[in-house]
Structure formats: C-alpha cells, structure tokens
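Source file: query.cif. Holds: mmCIF, C-alpha atoms and all ligand atoms.
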```
data_run
loop_
_atom_site.group_PDB
_atom_site.id
_atom_site.type_symbol
_atom_site.label_atom_id
_atom_site.label_comp_id
_atom_site.auth_asym_id
_atom_site.auth_seq_id
_atom_site.Cartn_x
_atom_site.Cartn_y
_atom_site.Cartn_z
ATOM 1 C CA MET A 1 173.058 68.919 121.162
ATOM 2 C CA ASN A 2 171.957 70.571 118.052
ATOM 3 C CA ARG A 3 172.797 74.125 118.697
ATOM 4 C CA GLN A 4 169.308 75.492 118.621
ATOM 5 C CA LEU A 5 168.916 75.591 122.353
ATOM 6 C CA PRO A 6 169.445 79.347 122.486
ATOM 7 C CA SER A 7 166.091 79.810 120.949
ATOM 8 C CA SER A 8 164.377 77.420 123.288
ATOM 9 C CA SER A 9 165.737 79.312 126.214
ATOM 10 C CA GLN A 10 163.617 82.143 124.920
ATOM 11 C CA LEU A 11 160.512 80.066 125.079
ATOM 12 C CA PHE A 12 157.590 81.701 126.675
ATOM 13 C CA VAL A 13 155.635 80.486 129.613
ATOM 14 C CA ILE A 14 152.162 81.483 128.763
ATOM 15 C CA SER A 15 150.806 80.884 132.189
ATOM 16 C CA ALA A 16 153.553 82.840 133.877
ATOM 17 C CA THR A 17 153.325 85.718 131.485
ATOM 18 C CA LEU A 18 149.590 85.873 131.525
ATOM 19 C CA ALA A 19 149.642 85.805 135.286
ATOM 20 C CA VAL A 20 152.033 88.725 135.473
ATOM 21 C CA ALA A 21 150.495 90.631 132.574
ATOM 22 C CA GLY A 22 147.022 90.011 133.890
ATOM 23 C CA CYS A 23 148.044 91.425 137.214
ATOM 24 C CA ALA A 24 149.602 94.522 135.684
ATOM 25 C CA SER A 25 146.505 95.351 133.685
ATOM 26 C CA ALA A 26 143.901 94.321 136.230
ATOM 27 C CA PRO A 27 140.913 96.670 136.203
ATOM 28 C CA ARG A 28 140.920 99.011 139.187
ATOM 29 C CA THR A 29 137.337 99.928 139.817
ATOM 30 C CA GLU A 30 134.717 98.678 137.371
ATOM 31 C CA ALA A 31 134.737 94.934 137.619
ATOM 32 C CA PRO A 32 135.840 93.227 140.790
ATOM 33 C CA ALA A 33 139.515 92.399 140.470
ATOM 34 C CA PRO A 34 140.363 88.718 140.537
ATOM 35 C CA THR A 35 141.057 87.916 144.136
ATOM 36 C CA VAL A 36 144.267 86.119 143.257
ATOM 37 C CA ALA A 37 145.792 89.057 141.391
ATOM 38 C CA PRO A 38 147.648 90.835 144.220
ATOM 39 C CA GLU A 39 149.052 87.585 145.550
ATOM 40 C CA THR A 40 150.119 86.481 142.095
ATOM 41 C CA THR A 41 152.739 89.202 141.863
ATOM 42 C CA THR A 42 154.196 88.206 145.173
ATOM 43 C CA GLU A 43 154.060 84.527 144.360
ATOM 44 C CA TRP A 44 156.056 85.055 141.186
ATOM 45 C CA ALA A 45 158.674 87.162 142.924
ATOM 46 C CA GLY A 46 162.044 85.462 142.816
ATOM 47 C CA MET A 47 160.982 83.026 140.122
ATOM 48 C CA PRO A 48 163.101 82.716 136.963
ATOM 49 C CA SER A 49 162.163 84.921 134.025
ATOM 50 C CA PRO A 50 159.411 83.742 131.672
ATOM 51 C CA ALA A 51 162.134 82.932 129.127
ATOM 52 C CA ALA A 52 163.819 80.563 131.560
ATOM 53 C CA MET A 53 160.542 79.165 132.859
ATOM 54 C CA ALA A 54 159.540 78.313 129.324
ATOM 55 C CA VAL A 55 161.369 75.001 129.248
ATOM 56 C CA VAL A 56 160.206 73.868 132.673
ATOM 57 C CA ASP A 57 157.305 71.670 131.567
ATOM 58 C CA ALA A 58 159.253 70.078 128.725
ATOM 59 C CA THR A 59 162.223 69.422 130.991
ATOM 60 C CA LEU A 60 160.073 68.043 133.773
ATOM 61 C CA TRP A 61 158.323 65.748 131.338
ATOM 62 C CA MET A 62 161.643 64.310 130.240
ATOM 63 C CA GLN A 63 163.025 64.104 133.765
ATOM 64 C CA THR A 64 160.067 62.899 135.778
ATOM 65 C CA SER A 65 157.328 61.409 133.635
ATOM 66 C CA ALA A 66 157.060 57.647 133.482
ATOM 67 C CA GLU A 67 155.510 58.184 130.076
ATOM 68 C CA TYR A 68 158.671 59.655 128.541
ATOM 69 C CA ALA A 69 160.803 56.811 129.878
ATOM 70 C CA ALA A 70 158.263 54.222 128.723
ATOM 71 C CA MET A 71 157.895 55.807 125.311
ATOM 72 C CA SER A 72 161.642 55.971 124.708
ATOM 73 C CA ARG A 73 162.044 52.373 125.773
ATOM 74 C CA GLN A 74 159.167 51.354 123.512
ATOM 75 C CA ILE A 75 160.750 53.084 120.512
ATOM 76 C CA TRP A 76 164.083 51.365 121.028
ATOM 77 C CA THR A 77 162.453 47.982 121.646
ATOM 78 C CA LEU A 78 160.636 48.237 118.322
ATOM 79 C CA ALA A 79 163.839 49.342 116.604
ATOM 80 C CA ILE A 80 165.724 46.351 118.002
ATOM 81 C CA ARG A 81 163.003 44.095 116.627
ATOM 82 C CA GLN A 82 163.609 45.469 113.117
ATOM 83 C CA LEU A 83 167.341 44.830 113.083
ATOM 84 C CA PRO A 84 167.368 41.188 111.906
ATOM 85 C CA ASP A 85 165.079 41.936 108.940
ATOM 86 C CA ALA A 86 167.106 45.006 108.046
ATOM 87 C CA LEU A 87 170.268 42.975 108.184
ATOM 88 C CA ALA A 88 168.928 40.079 106.099
ATOM 89 C CA ASP A 89 167.495 42.229 103.281
ATOM 90 C CA THR A 90 170.469 43.478 101.286
ATOM 91 C CA THR A 91 168.262 45.971 99.448
ATOM 92 C CA TRP A 92 167.316 47.628 102.748
ATOM 93 C CA SER A 93 168.776 51.086 103.372
ATOM 94 C CA ALA A 94 167.665 53.969 105.535
ATOM 95 C CA ALA A 95 169.898 56.622 104.007
ATOM 96 C CA LEU A 96 168.689 58.746 101.119
ATOM 97 C CA GLU A 97 172.407 59.193 100.422
ATOM 98 C CA GLN A 98 172.975 55.440 99.946
ATOM 99 C CA PRO A 99 174.561 54.741 96.542
ATOM 100 C CA GLU A 100 173.071 52.054 94.296
ATOM 101 C CA GLY A 101 174.557 48.609 94.706
ATOM 102 C CA SER A 102 175.433 48.890 98.381
ATOM 103 C CA GLY A 103 174.101 45.419 99.205
ATOM 104 C CA SER A 104 177.530 43.974 99.821
ATOM 105 C CA LEU A 105 178.721 46.764 102.114
ATOM 106 C CA PRO A 106 179.012 46.027 105.832
ATOM 107 C CA PRO A 107 175.964 47.079 107.879
ATOM 108 C CA ALA A 108 175.737 50.165 110.075
ATOM 109 C CA VAL A 109 173.234 52.348 111.842
ATOM 110 C CA ILE A 110 173.533 56.105 112.255
ATOM 111 C CA VAL A 111 172.410 57.588 115.547
ATOM 112 C CA ASP A 112 172.328 61.126 116.830
ATOM 113 C CA VAL A 113 173.716 61.658 120.345
ATOM 114 C CA ASP A 114 171.811 64.357 122.225
ATOM 115 C CA GLU A 115 168.288 63.390 123.258
ATOM 116 C CA THR A 116 168.698 60.234 121.158
ATOM 117 C CA MET A 117 171.480 58.334 122.934
ATOM 118 C CA LEU A 118 172.200 60.691 125.835
ATOM 119 C CA ASP A 119 169.741 62.604 127.984
ATOM 120 C CA ASN A 120 170.852 66.156 128.755
ATOM 121 C CA ALA A 121 167.792 67.220 130.714
ATOM 122 C CA PRO A 122 169.949 68.128 133.756
ATOM 123 C CA TYR A 123 171.664 70.764 131.620
ATOM 124 C CA ALA A 124 168.288 72.209 130.657
ATOM 125 C CA ALA A 125 167.334 72.188 134.343
ATOM 126 C CA ARG A 126 170.503 74.117 135.221
ATOM 127 C CA LEU A 127 169.682 76.813 132.708
ATOM 128 C CA VAL A 128 166.292 77.296 134.325
ATOM 129 C CA GLU A 129 167.752 77.303 137.817
ATOM 130 C CA ARG A 130 170.357 79.888 136.841
ATOM 131 C CA ASP A 131 167.964 81.837 134.656
ATOM 132 C CA GLU A 132 170.463 81.678 131.824
ATOM 133 C CA PRO A 133 170.155 81.131 128.080
ATOM 134 C CA PHE A 134 172.070 78.383 126.302
ATOM 135 C CA THR A 135 175.726 79.229 125.745
ATOM 136 C CA GLU A 136 178.464 77.160 124.139
ATOM 137 C CA ALA A 137 180.522 77.712 127.297
ATOM 138 C CA SER A 138 177.998 76.284 129.767
ATOM 139 C CA TRP A 139 177.169 73.491 127.317
ATOM 140 C CA ALA A 140 180.857 72.560 127.075
ATOM 141 C CA VAL A 141 181.093 72.430 130.883
ATOM 142 C CA TRP A 142 178.150 70.005 130.968
ATOM 143 C CA VAL A 143 179.562 67.842 128.171
ATOM 144 C CA GLU A 144 183.007 67.735 129.766
ATOM 145 C CA GLU A 145 181.452 66.332 132.922
ATOM 146 C CA SER A 146 180.541 63.270 130.828
ATOM 147 C CA LYS A 147 177.671 62.445 133.146
ATOM 148 C CA ALA A 148 174.719 62.387 130.762
ATOM 149 C CA ARG A 149 172.695 59.210 131.192
ATOM 150 C CA PRO A 150 171.383 57.089 128.332
ATOM 151 C CA VAL A 151 167.958 57.823 126.931
ATOM 152 C CA PRO A 152 165.906 54.856 128.181
ATOM 153 C CA GLY A 153 166.361 51.897 125.829
ATOM 154 C CA ALA A 154 169.152 53.472 123.753
ATOM 155 C CA LEU A 155 171.906 51.468 125.378
ATOM 156 C CA GLU A 156 170.010 48.246 124.725
ATOM 157 C CA PHE A 157 169.641 49.217 121.065
ATOM 158 C CA VAL A 158 173.350 49.858 120.580
ATOM 159 C CA ARG A 159 174.248 46.623 122.353
ATOM 160 C CA ALA A 160 171.791 44.662 120.215
ATOM 161 C CA ALA A 161 173.208 46.205 117.048
ATOM 162 C CA ARG A 162 176.793 45.485 118.046
ATOM 163 C CA GLU A 163 175.913 41.879 118.916
ATOM 164 C CA LEU A 164 174.599 41.486 115.379
ATOM 165 C CA GLY A 165 177.852 42.860 113.986
ATOM 166 C CA ILE A 166 176.318 46.182 113.012
ATOM 167 C CA GLU A 167 178.563 49.246 113.292
ATOM 168 C CA VAL A 168 177.065 52.208 115.148
ATOM 169 C CA PHE A 169 178.035 55.694 113.967
ATOM 170 C CA TYR A 170 177.324 58.642 116.239
ATOM 171 C CA VAL A 171 176.591 61.604 113.973
ATOM 172 C CA THR A 172 176.315 64.546 116.316
ATOM 173 C CA ASN A 173 176.386 68.321 116.163
ATOM 174 C CA ARG A 174 178.541 68.421 119.236
ATOM 175 C CA LEU A 175 181.700 70.247 118.177
ATOM 176 C CA ALA A 176 184.833 68.272 117.340
ATOM 177 C CA ASN A 177 186.620 69.554 120.449
ATOM 178 C CA LEU A 178 184.013 67.700 122.536
ATOM 179 C CA GLU A 179 184.717 64.327 120.942
ATOM 180 C CA GLN A 180 186.802 62.939 123.784
ATOM 181 C CA ALA A 181 184.301 64.007 126.428
ATOM 182 C CA THR A 182 181.466 62.536 124.378
ATOM 183 C CA ARG A 183 183.313 59.287 123.977
ATOM 184 C CA ARG A 184 184.154 59.235 127.689
ATOM 185 C CA ASN A 185 180.476 59.708 128.513
ATOM 186 C CA LEU A 186 179.272 56.964 126.180
ATOM 187 C CA ASP A 187 181.992 54.599 127.419
ATOM 188 C CA ALA A 188 181.156 55.307 131.056
ATOM 189 C CA MET A 189 177.490 54.523 130.416
ATOM 190 C CA GLY A 190 178.380 51.160 128.892
ATOM 191 C CA PHE A 191 177.941 51.864 125.187
ATOM 192 C CA PRO A 192 180.077 49.235 123.450
ATOM 193 C CA PRO A 193 183.003 50.418 121.307
ATOM 194 C CA GLY A 194 182.928 50.313 117.517
ATOM 195 C CA ASP A 195 185.189 48.388 115.162
ATOM 196 C CA ALA A 196 185.852 51.333 112.870
ATOM 197 C CA ASP A 197 188.700 53.710 113.714
ATOM 198 C CA ASP A 198 186.327 56.539 114.507
ATOM 199 C CA VAL A 199 182.601 56.117 114.979
ATOM 200 C CA TYR A 200 182.107 59.609 116.443
ATOM 201 C CA LEU A 201 181.443 61.954 113.531
ATOM 202 C CA MET A 202 181.458 65.380 115.117
ATOM 203 C CA LEU A 203 180.469 68.793 113.795
ATOM 204 C CA GLU A 204 183.371 70.374 111.878
ATOM 205 C CA GLU A 205 185.610 67.393 112.527
ATOM 206 C CA ARG A 206 186.273 67.672 108.819
ATOM 207 C CA GLU A 207 185.951 70.868 106.892
ATOM 208 C CA GLU A 208 182.985 69.619 104.901
ATOM 209 C CA TRP A 209 181.108 68.306 107.938
ATOM 210 C CA GLY A 210 178.776 71.212 108.672
ATOM 211 C CA SER A 211 175.704 71.232 110.885
ATOM 212 C CA ASP A 212 173.696 69.781 108.001
ATOM 213 C CA LYS A 213 174.408 66.115 108.569
ATOM 214 C CA THR A 214 174.003 65.126 104.911
ATOM 215 C CA SER A 215 177.743 65.064 104.204
ATOM 216 C CA ARG A 216 178.326 62.790 107.184
ATOM 217 C CA ARG A 217 175.510 60.458 106.150
ATOM 218 C CA GLU A 218 177.110 60.359 102.705
ATOM 219 C CA TRP A 219 180.470 59.490 104.248
ATOM 220 C CA VAL A 220 178.952 56.535 106.104
ATOM 221 C CA ALA A 221 176.735 55.440 103.190
ATOM 222 C CA GLU A 222 179.727 55.197 100.861
ATOM 223 C CA ARG A 223 181.297 52.687 103.218
ATOM 224 C CA TYR A 224 178.378 50.904 104.898
ATOM 225 C CA ARG A 225 174.826 49.884 104.165
ATOM 226 C CA VAL A 226 172.845 52.100 106.542
ATOM 227 C CA LEU A 227 170.098 50.047 108.159
ATOM 228 C CA MET A 228 168.585 52.749 110.308
ATOM 229 C CA LEU A 229 168.750 56.429 111.137
ATOM 230 C CA ALA A 230 167.794 57.524 114.653
ATOM 231 C CA GLY A 231 167.420 61.017 116.041
ATOM 232 C CA ASP A 232 165.215 63.566 117.763
ATOM 233 C CA ASP A 233 165.280 66.151 114.964
ATOM 234 C CA LEU A 234 164.083 66.070 111.365
ATOM 235 C CA ASN A 235 167.612 67.000 110.284
ATOM 236 C CA ASP A 236 168.850 63.687 111.655
ATOM 237 C CA PHE A 237 167.099 62.036 108.705
ATOM 238 C CA LEU A 238 167.415 64.442 105.788
ATOM 239 C CA ALA A 239 168.337 68.047 105.060
ATOM 240 C CA ALA A 240 165.452 70.106 106.412
ATOM 241 C CA ARG A 241 167.080 73.268 107.677
ATOM 242 C CA GLY A 242 165.217 76.501 107.189
ATOM 243 C CA LEU A 243 161.937 74.850 106.263
ATOM 244 C CA ASN A 244 158.690 76.164 107.656
ATOM 245 C CA VAL A 245 156.157 74.186 109.658
ATOM 246 C CA GLU A 246 154.106 73.145 106.621
ATOM 247 C CA ALA A 247 157.132 72.044 104.596
ATOM 248 C CA ARG A 248 158.321 69.960 107.520
ATOM 249 C CA SER A 249 154.925 68.290 107.832
ATOM 250 C CA GLU A 250 155.001 67.541 104.126
ATOM 251 C CA ILE A 251 158.338 65.767 104.560
ATOM 252 C CA VAL A 252 156.827 63.574 107.260
ATOM 253 C CA ARG A 253 153.940 62.668 104.953
ATOM 254 C CA ARG A 254 156.191 62.065 101.944
ATOM 255 C CA HIS A 255 158.349 59.662 103.940
ATOM 256 C CA ALA A 256 155.471 58.003 105.774
ATOM 257 C CA ASP A 257 156.868 54.515 105.191
ATOM 258 C CA GLU A 258 160.190 55.284 106.822
ATOM 259 C CA TRP A 259 158.990 56.132 110.316
ATOM 260 C CA GLY A 260 159.221 53.192 112.646
ATOM 261 C CA ASN A 261 160.868 51.110 109.934
ATOM 262 C CA ARG A 262 164.123 52.696 108.814
ATOM 263 C CA TRP A 263 163.798 56.049 110.556
ATOM 264 C CA ILE A 264 163.493 56.030 114.338
ATOM 265 C CA VAL A 265 162.510 59.333 115.920
ATOM 266 C CA LEU A 266 162.667 60.214 119.607
ATOM 267 C CA ALA A 267 160.677 62.929 121.389
ATOM 268 C CA ASN A 268 162.357 66.177 122.340
ATOM 269 C CA PRO A 269 160.047 68.967 123.431
ATOM 270 C CA THR A 270 162.869 71.053 124.931
ATOM 271 C CA TYR A 271 164.602 72.333 121.775
ATOM 272 C CA GLY A 272 165.113 71.549 118.115
ATOM 273 C CA SER A 273 164.474 72.675 114.581
ATOM 274 C CA TRP A 274 160.713 72.360 115.203
ATOM 275 C CA GLU A 275 161.112 75.540 117.234
ATOM 276 C CA SER A 276 163.230 77.338 114.636
ATOM 277 C CA ALA A 277 160.506 76.578 112.102
ATOM 278 C CA ILE A 278 158.025 78.512 114.222
ATOM 279 C CA LEU A 279 160.393 81.370 114.967
ATOM 280 C CA ASP A 280 161.666 81.747 111.388
ATOM 281 C CA GLY A 281 164.697 83.851 112.256
ATOM 282 C CA LEU A 282 163.233 85.489 115.334
ATOM 283 C CA GLU A 283 165.556 83.585 117.693
ATOM 284 C CA SER A 284 167.741 86.569 118.414
ATOM 285 C CA ARG A 285 164.816 88.860 119.157
ATOM 286 C CA SER A 286 163.504 89.658 122.602
ATOM 287 C CA PRO A 287 161.859 86.930 124.653
ATOM 288 C CA ALA A 288 158.596 88.877 124.342
ATOM 289 C CA ALA A 289 158.790 88.833 120.528
ATOM 290 C CA VAL A 290 159.534 85.134 120.624
ATOM 291 C CA GLY A 291 156.617 84.577 122.967
ATOM 292 C CA ARG A 292 154.264 86.535 120.750
ATOM 293 C CA ARG A 293 155.255 84.482 117.715
ATOM 294 C CA LYS A 294 154.611 81.303 119.640
ATOM 295 C CA LEU A 295 151.210 82.475 120.784
ATOM 296 C CA GLU A 296 150.372 83.328 117.165
ATOM 297 C CA SER A 297 151.453 79.837 116.146
ATOM 298 C CA LEU A 298 148.978 78.088 118.430
ATOM 299 C CA GLN A 299 146.091 76.557 116.521
ATOM 300 C CA PRO A 300 142.842 76.670 118.479
ATOM 301 C CA ARG A 301 141.067 74.802 115.692
ATOM 302 C CA TRP A 302 141.918 72.615 112.716
ATOM 303 C CA ASN A 303 142.513 74.639 109.577
HETATM 304 MG MG MG B 1 169.726 65.335 119.103
#
```
Mind turning the file's structure into structure tokens?
Amino acid sequence: MNRQLPSSSQLFVISATLAVAGCASAPRTEAPAPTVAPETTTEWAGMPSPAAMAVVDATLWMQTSAEYAAMSRQIWTLAIRQLPDALADTTWSAALEQPEGSGSLPPAVIVDVDETMLDNAPYAARLVERDEPFTEASWAVWVEESKARPVPGALEFVRAARELGIEVFYVTNRLANLEQATRRNLDAMGFPPGDADDVYLMLEEREEWGSDKTSRREWVAERYRVLMLAGDDLNDFLAARGLNVEARSEIVRRHADEWGNRWIVLANPTYGSWESAILDGLESRSPAAVGRRKLESLQPRWN
C-alpha cells in the first residue's frame, strides 16, 4: 500500500456531516424544521465518525460492485493482448528510465502490488468498522495474514506474462520487513514465481530505494527491457510526488499515448496521491479541516 492511507482515513462523508450539521443548526421557530431532523441524530448514533465513514462508498464499490470487478478484468485483458506486440518490438519500452540500446535485454514488466495485484479492501473495511485511522501497525497485521485476494484479472496477466518468458517485478511501497508476507500472499493466490533471484522490490530494501519508485524502475531498466508499467497511482509510472491537481492532469495529457499501451492504470478511489494533491499538506490536520478542503475542491461546473 502506498502509505497515504492515513489521509484517506480523514476523508469526509459529506452526507453524514451535512446530516449532523444540518440537525445541529436547524431553525427553531421561523421555518418548519425538516421532519427528518430529530430522527437523523438518533439514526446516526453509534455510527463511525465522519472520518471513518468517508471511505465507505469507495470501499463498497471495490468490494461489491460488479462494475469494479468487470473494469479491472477488462484492463488486464487488454494488457494481456498487448504483450506479444510489446515483446516483438525491441524498441518498445514503458520506462522513462530505460537506457538507450536496451533492445537486447530480457523482457520484464513492472507491477505495483496494492490495489494493482492484491485487493486490500477488507483492510479498509476494518478501519471503518473499528473507527480507526490507518496505522503501520494495523497494516502490518493485515499484510502478515497474507490473505489479500488478487485484483480481478491480475493473476491472469502475470501468468500470461510468465508464459511468454517475461519477468514480473513487484515494485511496492510495502516496507522491506513485509517482503516475506507479501511473497507468501502472492504465492498462496497462485502468482507464478519469477526467474530472477528477487522480484519483490520493497520500500527501503536498499538504502536508495525510497518511496519514489524511480530508483527501482532504474534498477530494473538497467537489466531488462520494461514492456509495461502497471499501478493504481501516478507515482507507479513516473515521479509525481508533491504535484498539485493541475500538474498531475498535465502529466496525463503529456503522456496520452502511454495509457492503455505501455502504462496500465487501475482504479483506486480509497486512497492515493490523488488525495494528497487535494490536501496539499493538510493530511495531519483535523478531519474537519480535511473535509473543508475537499468540499472546496469540488467543481460544480467546468472551469
Ligand atoms: Mg498501489
């Protein structure tokens, strides 16, 4: 998981908050009070805090919607279809870090793990249930269970790549001390092993492997021709940390030809750098401040 979940736990449920706030400020005499107002307070009693409730819709969409499962499968099916062309064209590379003259290097793909290969929605559901923010400790407990299921279609993609002799590198911001648990999880779900000594390139596994994945992409690109990059976060494709919403959109436009060809992006509405871009350093502030920023970021009309 890229470690930006703390901020998502501070997401704001507009409906919940408006319901409660609306109740608190309901006019007493002038206009007739909404008939639902008194009941609303009672109905919300015992519910998780707005901060915890904030990820409910996103989590439910990933856990229950046929559309999420179908969409993920569709993405991976299209990616599988690209593999033979990518393999045959020795000038093809997905990595901006790929050195010139890499045509004779063995082929590889680089995939992220969380919400790309493995679906951690049950962990997000636990946080809501317990009304807790993300912590490294609870995350480690979840990872150590090694029970995350594959994102629909991801297993088929890795199998197809391996059958074509393509190495699969897992470049993840899970910490190095979670490598064995991660490997155990992928093995248990049927992900085929790699040929290389270590295909799990974890955060801080080497001193220079920071949360910016560029140095790990470089490491792979020096040794393999990278056919595809796959992830659920812009930083899985290039260094985009700290950029605002507009700068991130510009990156998507600038690299328009990559999407669906060499860069394969999965949906993750539950957390990610998209949220940090909105919050711009506000993550550690109160849930109310976070909620206000998010409300301000809504766009009721095209600019
Ligand atoms: Mg991810």
- Pick out the residues sitting within 10 Å of Asp236 of chain A, and hand them over as a PyMOL selection string; count all atoms listed in the file, and ignore anything fewer than 5 positions along from it in its own chain. chain A and resi 2+110-112+171-173+212-214+217+229-231+263-265
Write the residues you've just listed into a file as a PDB file, in the frame of the given file, and include C-alpha atoms for each of them.
```pdb
ATOM      1  CA  ASN A   2     171.957  70.571 118.052  1.00  0.00           C
ATOM      2  CA  ILE A 110     173.533  56.105 112.255  1.00  0.00           C
ATOM      3  CA  VAL A 111     172.410  57.588 115.547  1.00  0.00           C
ATOM      4  CA  ASP A 112     172.328  61.126 116.830  1.00  0.00           C
ATOM      5  CA  VAL A 171     176.591  61.604 113.973  1.00  0.00           C
ATOM      6  CA  THR A 172     176.315  64.546 116.316  1.00  0.00           C
ATOM      7  CA  ASN A 173     176.386  68.321 116.163  1.00  0.00           C
ATOM      8  CA  ASP A 212     173.696  69.781 108.001  1.00  0.00           C
ATOM      9  CA  LYS A 213     174.408  66.115 108.569  1.00  0.00           C
ATOM     10  CA  THR A 214     174.003  65.126 104.911  1.00  0.00           C
ATOM     11  CA  ARG A 217     175.510  60.458 106.150  1.00  0.00           C
ATOM     12  CA  LEU A 229     168.750  56.429 111.137  1.00  0.00           C
ATOM     13  CA  ALA A 230     167.794  57.524 114.653  1.00  0.00           C
ATOM     14  CA  GLY A 231     167.420  61.017 116.041  1.00  0.00           C
ATOM     15  CA  TRP A 263     163.798  56.049 110.556  1.00  0.00           C
ATOM     16  CA  ILE A 264     163.493  56.030 114.338  1.00  0.00           C
ATOM     17  CA  VAL A 265     162.510  59.333 115.920  1.00  0.00           C
TER      18      VAL A 265
END
```
- Residues at most 7 Å from ligand MG 1 (chain B), using all atoms listed in the file? Could they come as JSON, numbers by chain? {"A": [1, 2, 112, 113, 114, 115, 116, 231, 232, 233]}
- Selection result of the PyMOL selection byres (((chain A and resi 161-169) around 8) and not hetatm) on this file, as an NGL selection string: :A and (80 or 83 or 106-111 or 157-160 or 170-171 or 192 or 194-196 or 199-201 or 220)
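Nearest to Glu222 of chain A of all the residues A:Met62, A:Ala124, A:Ala45, A:Ala95 is A:Ala95, counting only C-alpha atoms.
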- Item | Pick from A:Glu218, A:Glu129, A:Glu100, A:Asp198 nearest to Ala239 of chain A, counting all atoms listed in the file |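 Between A:Glu218, A:Glu129, A:Glu100, A:Asp198, the residue approaching Ala239 of chain A most closely is A:Glu218.
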- Note on the structure: As a check of understanding: the span from atom CA of Arg149 of chain A to atom CA of Asn120 of chain A is 7.6 Å
- Picked residues, the PyMOL selection byres (((chain A and resi 143) around 12) and not hetatm), expected as number ranges by chain: A: 1, 113-114, 118-120, 122-123, 136-142, 144-149, 174-175, 177-186
Put the listed atoms of segment 125-139 of chain A in a box along x, y and z with 8 Å added on every side and give me the centre and edge lengths in Å to one decimal, as JSON.
```
{"center_x": 173.4, "center_y": 77.0, "center_z": 131.0, "size_x": 30.2, "size_y": 25.6, "size_z": 29.7}
```
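The coordinates place atom CA of Thr42 of chain A at 19.6 Å from atom CA of Val128 of chain A.
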- Query: Which residue out of A:Val290, A:Pro300, A:Leu96, A:Arg130 has the minimum interatomic distance to Gly46 of chain A when all atoms listed in the file are used?
  - Reply: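 Under the stated criterion, the closest residue is A:Arg130.
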- Which is closer to Asp57 of chain A than all the others in A:Gly210, A:Pro269, A:Pro152, A:Pro84, using all atoms listed in the file?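 The closest residue to Asp57 of chain A is A:Pro269.
In this structure, atom CA of Thr270 of chain A sits 28.4 Å away from atom CA of Glu208 of chain A.
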- Task: For the structure provided, state which residues fall under the PyMOL selection byres (((chain A and resi 259) around 12) and not hetatm), and present them as a list of chain:residue names.
- Result: A:Ile75, A:Leu78, A:Ala79, A:Gln82, A:Ala94, A:Met228, A:Leu229, A:Ala230, A:Gly231, A:Leu234, A:Phe237, A:Ile251, A:Val252, A:Arg253, A:Arg254, A:His255, A:Ala256, A:Asp257, A:Glu258, A:Gly260, A:Asn261, A:Arg262, A:Trp263, A:Ile264, A:Val265, A:Leu266
- Within 8 Å of Leu243 of chain A, counting only C-alpha atoms, which residues show up once you throw out same-chain ones fewer than 4 positions away? Write them as a list in words, please.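 The residues that qualify are Ala247, Arg248 and Ala277 of chain A.
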- In terms of the shortest atom-to-atom distance over only C-alpha atoms, which of A:Tyr271, A:Ala86, A:Met202, A:Tyr224 is closest to Phe134 of chain A?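 Checking each of A:Tyr271, A:Ala86, A:Met202, A:Tyr224 against Phe134 of chain A, counting only C-alpha atoms, the winner is A:Tyr271.
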Keeping N, CA and C atoms, write segment 206-222 of chain A of the structure just shown out as a PDB file, in the first residue's frame.
```
ATOM      1  N   ARG A 206      16.756  -1.464  -0.196  1.00  0.00           N
ATOM      2  CA  ARG A 206      18.100  -0.915  -0.334  1.00  0.00           C
ATOM      3  C   ARG A 206      18.017   0.544   0.082  1.00  0.00           C
ATOM      4  N   GLU A 207      19.142   1.038   0.510  1.00  0.00           N
ATOM      5  CA  GLU A 207      19.151   2.402   1.051  1.00  0.00           C
ATOM      6  C   GLU A 207      18.559   3.412   0.073  1.00  0.00           C
ATOM      7  N   GLU A 208      18.886   3.218  -1.214  1.00  0.00           N
ATOM      8  CA  GLU A 208      18.462   4.219  -2.196  1.00  0.00           C
ATOM      9  C   GLU A 208      17.036   3.986  -2.710  1.00  0.00           C
ATOM     10  N   TRP A 209      16.377   2.956  -2.233  1.00  0.00           N
ATOM     11  CA  TRP A 209      15.023   2.669  -2.690  1.00  0.00           C
ATOM     12  C   TRP A 209      13.998   3.342  -1.785  1.00  0.00           C
ATOM     13  N   GLY A 210      13.761   4.616  -2.036  1.00  0.00           N
ATOM     14  CA  GLY A 210      12.782   5.381  -1.259  1.00  0.00           C
ATOM     15  C   GLY A 210      11.386   5.201  -1.828  1.00  0.00           C
ATOM     16  N   SER A 211      10.436   5.959  -1.265  1.00  0.00           N
ATOM     17  CA  SER A 211       9.042   5.776  -1.684  1.00  0.00           C
ATOM     18  C   SER A 211       8.817   6.244  -3.130  1.00  0.00           C
ATOM     19  N   ASP A 212       9.662   7.155  -3.609  1.00  0.00           N
ATOM     20  CA  ASP A 212       9.665   7.453  -5.039  1.00  0.00           C
ATOM     21  C   ASP A 212      10.238   6.220  -5.746  1.00  0.00           C
ATOM     22  N   LYS A 213       9.457   5.653  -6.624  1.00  0.00           N
ATOM     23  CA  LYS A 213       9.854   4.370  -7.214  1.00  0.00           C
ATOM     24  C   LYS A 213      10.858   4.492  -8.362  1.00  0.00           C
ATOM     25  N   THR A 214      11.258   5.731  -8.676  1.00  0.00           N
ATOM     26  CA  THR A 214      12.153   5.940  -9.818  1.00  0.00           C
ATOM     27  C   THR A 214      13.419   5.099  -9.721  1.00  0.00           C
ATOM     28  N   SER A 215      14.042   5.068  -8.552  1.00  0.00           N
ATOM     29  CA  SER A 215      15.315   4.343  -8.424  1.00  0.00           C
ATOM     30  C   SER A 215      15.111   2.842  -8.638  1.00  0.00           C
ATOM     31  N   ARG A 216      13.952   2.344  -8.274  1.00  0.00           N
ATOM     32  CA  ARG A 216      13.690   0.916  -8.511  1.00  0.00           C
ATOM     33  C   ARG A 216      13.371   0.650  -9.984  1.00  0.00           C
ATOM     34  N   ARG A 217      12.684   1.578 -10.625  1.00  0.00           N
ATOM     35  CA  ARG A 217      12.460   1.420 -12.070  1.00  0.00           C
ATOM     36  C   ARG A 217      13.797   1.456 -12.805  1.00  0.00           C
ATOM     37  N   GLU A 218      14.681   2.346 -12.350  1.00  0.00           N
ATOM     38  CA  GLU A 218      16.018   2.414 -12.960  1.00  0.00           C
ATOM     39  C   GLU A 218      16.745   1.081 -12.804  1.00  0.00           C
ATOM     40  N   TRP A 219      16.664   0.514 -11.620  1.00  0.00           N
ATOM     41  CA  TRP A 219      17.349  -0.749 -11.330  1.00  0.00           C
ATOM     42  C   TRP A 219      16.880  -1.830 -12.307  1.00  0.00           C
ATOM     43  N   VAL A 220      15.568  -1.905 -12.504  1.00  0.00           N
ATOM     44  CA  VAL A 220      15.031  -2.913 -13.433  1.00  0.00           C
ATOM     45  C   VAL A 220      15.425  -2.574 -14.860  1.00  0.00           C
ATOM     46  N   ALA A 221      15.297  -1.289 -15.236  1.00  0.00           N
ATOM     47  CA  ALA A 221      15.518  -0.879 -16.632  1.00  0.00           C
ATOM     48  C   ALA A 221      16.976  -1.041 -17.067  1.00  0.00           C
ATOM     49  N   GLU A 222      17.880  -1.065 -16.107  1.00  0.00           N
ATOM     50  CA  GLU A 222      19.288  -1.316 -16.465  1.00  0.00           C
ATOM     51  C   GLU A 222      19.523  -2.777 -16.819  1.00  0.00           C
TER      52      GLU A 222
END
```
